[in-house]
Amino acid sequence: PAEGEKADEEMKDASEDAKEGEAAADGGEAGAKAAEAAEPEAPKEEEAPKKEIRKRTLKVDVPFKPKTLRLSSELVREYTSKENDMKQADLLEELTKEARNNLEGYILSARSKLYDSWNDYVTEEDRSAFGKILDEMEDWMYEDGEDETREVYMKKTEFLRGKGDPIEERYLETGKRGPAAQALIDTCNLFTQMATSDDAKYSHIGADEKGRVVKECQNAMTWLSEKTALQDNTPKTASPIIMSFDIVKKREVIERVCNPIMSKPAPAPKPEEKKAEDAGQESEPMQTDGDEAANGEAPPPTEETMEDATADGVD
């Protein structure tokens, strides 16, 4: 207990000493502020006026000597050659890709047509054989022929076209033959009707020329009828007997022969002859006074004759 009381007293003494120190510090600060307030302020020095600074640009000629880096003629030729080689290589690559795509496209197209538009124009045996060739060509293109040259792809495409183009031709001719034949028939009928017409606008055309037109049209119709009959008896899987371009040529021949005859213009009418009476009147000579006296007819009196007769009566 005695030690505890002693410790409390020491703590009280320390607290009082701290308070006294704080009071002394506060008093010192207050005294310093009062002393500063009591001192008079020193007069401020006047600032000197600033001078205006003007900037001037001074131009000075700087010596300059241009220097260019020029390649030698040999290097220019070398680089130009390399550039051309690269262009040719790029072009060849594009052409090779195009040839390969053409081959692939024909394989796919022909295989589809064999069972679609070409179905009636190829025998079952030829369809099976051609389909097998297409399959083998497709396998080659995706395996050994992956990186072939342009010439190889083009030869392969031509080989396949040699098999498929005849089938395509038979298919297309079936659609072209009918319209071409009808056009020939219409042309022949038109010229035949013109040559046998009694219309006055064709009256100046001779009978021989009209007969030639009719004969040419009849021969063309006979030729078309015979060829069409043979074609109708030919199977669609065989080569056509008559081609559409043959019919077109026949029609052009008919037009070239008949059109100048039937479109020949009529001759210009002859000028009308003058009447015989008018021509006779213009050719008769006019009568004179001597002619009238010789005929026993007195000439008509003139002014001089009438004056003489008046004078005689006065006398």
# chains A, B, ... in the order shown; residues from 1 in each chain; ligands from 1
>>> select_by_dssp(residues="segment 83-311 of chain A", states="alpha helix (DSSP H)", output="JSON, numbers by chain")
{"A": [83, 84, 85, 86, 87, 88, 89, 90, 91, 92, 93, 94, 95, 96, 97, 98, 99, 100, 101, 102, 103, 104, 105, 106, 107, 108, 109, 110, 111, 112, 113, 124, 125, 126, 127, 128, 129, 130, 131, 132, 133, 134, 135, 136, 137, 138, 139, 140, 141, 142, 150, 151, 152, 153, 154, 155, 156, 157, 158, 159, 160, 161, 162, 163, 164, 165, 166, 167, 168, 169, 170, 171, 172, 173, 174, 175, 176, 177, 178, 179, 180, 181, 182, 183, 184, 185, 186, 187, 188, 189, 190, 191, 192, 193, 194, 195, 207, 208, 209, 210, 211, 212, 213, 214, 215, 216, 217, 218, 219, 220, 221, 222, 223, 224, 225, 226, 227, 228, 229, 230, 231, 232, 244, 245, 246, 247, 248, 249, 250, 251, 252, 253, 254, 255, 256, 257, 258, 259, 260, 261, 262, 276, 277, 278, 279, 280, 281, 282, 283, 289, 290, 291, 292, 293, 294, 303, 304, 305, 306, 307, 308, 309, 310, 311]}
>>> residues_around(residues="segment 168-179 of chain A", least_positions_apart="5", cutoff="7 Å", atoms="only C-alpha atoms", output="list in words")
Trp118, Tyr121, Ser239, Pro240, Met243 and Ser244 of chain A
>>> closest_residue(among="A:Ser72, A:Asn84, A:Thr228, A:Thr157", to="Asn101 of chain A", atoms="only C-alpha atoms")
A:Thr157
>>> closest_atom_pairs(of="segment 114-199 of chain A", to="segment 219-226 of chain A", cutoff="10 Å", atoms="only C-alpha atoms", output="tab-separated table")
residue	atom	partner	partner_atom	distance
A:Ala181	CA	A:Leu224	CA	7.4
A:Leu184	CA	A:Met221	CA	8.1
A:Ile185	CA	A:Met221	CA	6.9
A:Cys188	CA	A:Met221	CA	7.4
A:Asn189	CA	A:Met221	CA	9.4
>>> atom_distance(atom1="atom CA of Glu104 of chain A", atom2="atom CA of Leu92 of chain A")
18.3 Å
>>> atom_distance(atom1="atom CA of Arg100 of chain A", atom2="atom CA of Lys82 of chain A")
26.9 Å
>>> closest_atom_pairs(of="segment 106-223 of chain A", to="segment 249-262 of chain A", cutoff="12 Å", atoms="only C-alpha atoms", output="CSV")
residue,atom,partner,partner_atom,distance
A:Ala180,CA,A:Arg251,CA,8.7
A:Ala181,CA,A:Arg251,CA,8.9
A:Gln182,CA,A:Arg251,CA,10.2
A:Ala183,CA,A:Arg251,CA,7.6
A:Leu184,CA,A:Arg251,CA,5.1
A:Ile185,CA,A:Arg251,CA,8.6
A:Asp186,CA,A:Arg251,CA,9.6
A:Thr187,CA,A:Arg251,CA,7.1
A:Cys188,CA,A:Ile254,CA,7.4
A:Asn189,CA,A:Ile254,CA,11.0
A:Leu190,CA,A:Cys258,CA,10.2
A:Phe191,CA,A:Cys258,CA,6.9
A:Thr192,CA,A:Cys258,CA,9.4
A:Gln193,CA,A:Met262,CA,10.6
A:Met194,CA,A:Met262,CA,7.2
A:Ala195,CA,A:Met262,CA,7.2
A:Thr196,CA,A:Met262,CA,10.8
A:Ser197,CA,A:Met262,CA,10.9
A:Asp199,CA,A:Met262,CA,11.9
A:Lys201,CA,A:Met262,CA,9.7
A:Tyr202,CA,A:Met262,CA,7.3
A:Ser203,CA,A:Met262,CA,10.4
A:His204,CA,A:Met262,CA,9.9
A:Ile205,CA,A:Met262,CA,7.4
A:Gly206,CA,A:Ile261,CA,9.4
A:Ala207,CA,A:Ile261,CA,11.1
A:Asp208,CA,A:Ile261,CA,10.5
A:Glu209,CA,A:Ile261,CA,6.8
A:Lys210,CA,A:Ile261,CA,7.8
A:Gly211,CA,A:Cys258,CA,10.5
A:Arg212,CA,A:Cys258,CA,8.2
A:Val213,CA,A:Cys258,CA,5.5
A:Val214,CA,A:Cys258,CA,8.8
A:Lys215,CA,A:Cys258,CA,10.2
A:Glu216,CA,A:Ile254,CA,6.8
A:Cys217,CA,A:Ile254,CA,6.9
A:Gln218,CA,A:Ile254,CA,10.3
A:Asn219,CA,A:Ile254,CA,9.9
A:Ala220,CA,A:Lys250,CA,7.1
A:Met221,CA,A:Lys250,CA,9.9
A:Thr222,CA,A:Lys250,CA,11.8
A:Trp223,CA,A:Lys250,CA,9.4
>>> atom_distance(atom1="atom CA of Asp116 of chain A", atom2="atom CA of Leu230 of chain A")
26.3 Å
>>> closest_residue(among="A:Phe130, A:Phe245, A:Tyr115, A:Phe64", to="Leu160 of chain A", atoms="only C-alpha atoms")
A:Phe130
>>> closest_residue(among="A:Arg77, A:Ser109, A:Val122, A:Ala129", to="Pro235 of chain A", atoms="only C-alpha atoms")
A:Val122
>>> closest_residue(among="A:Leu114, A:Ala99, A:Leu71, A:Val152", to="Ser128 of chain A", atoms="only C-alpha atoms")
A:Leu114
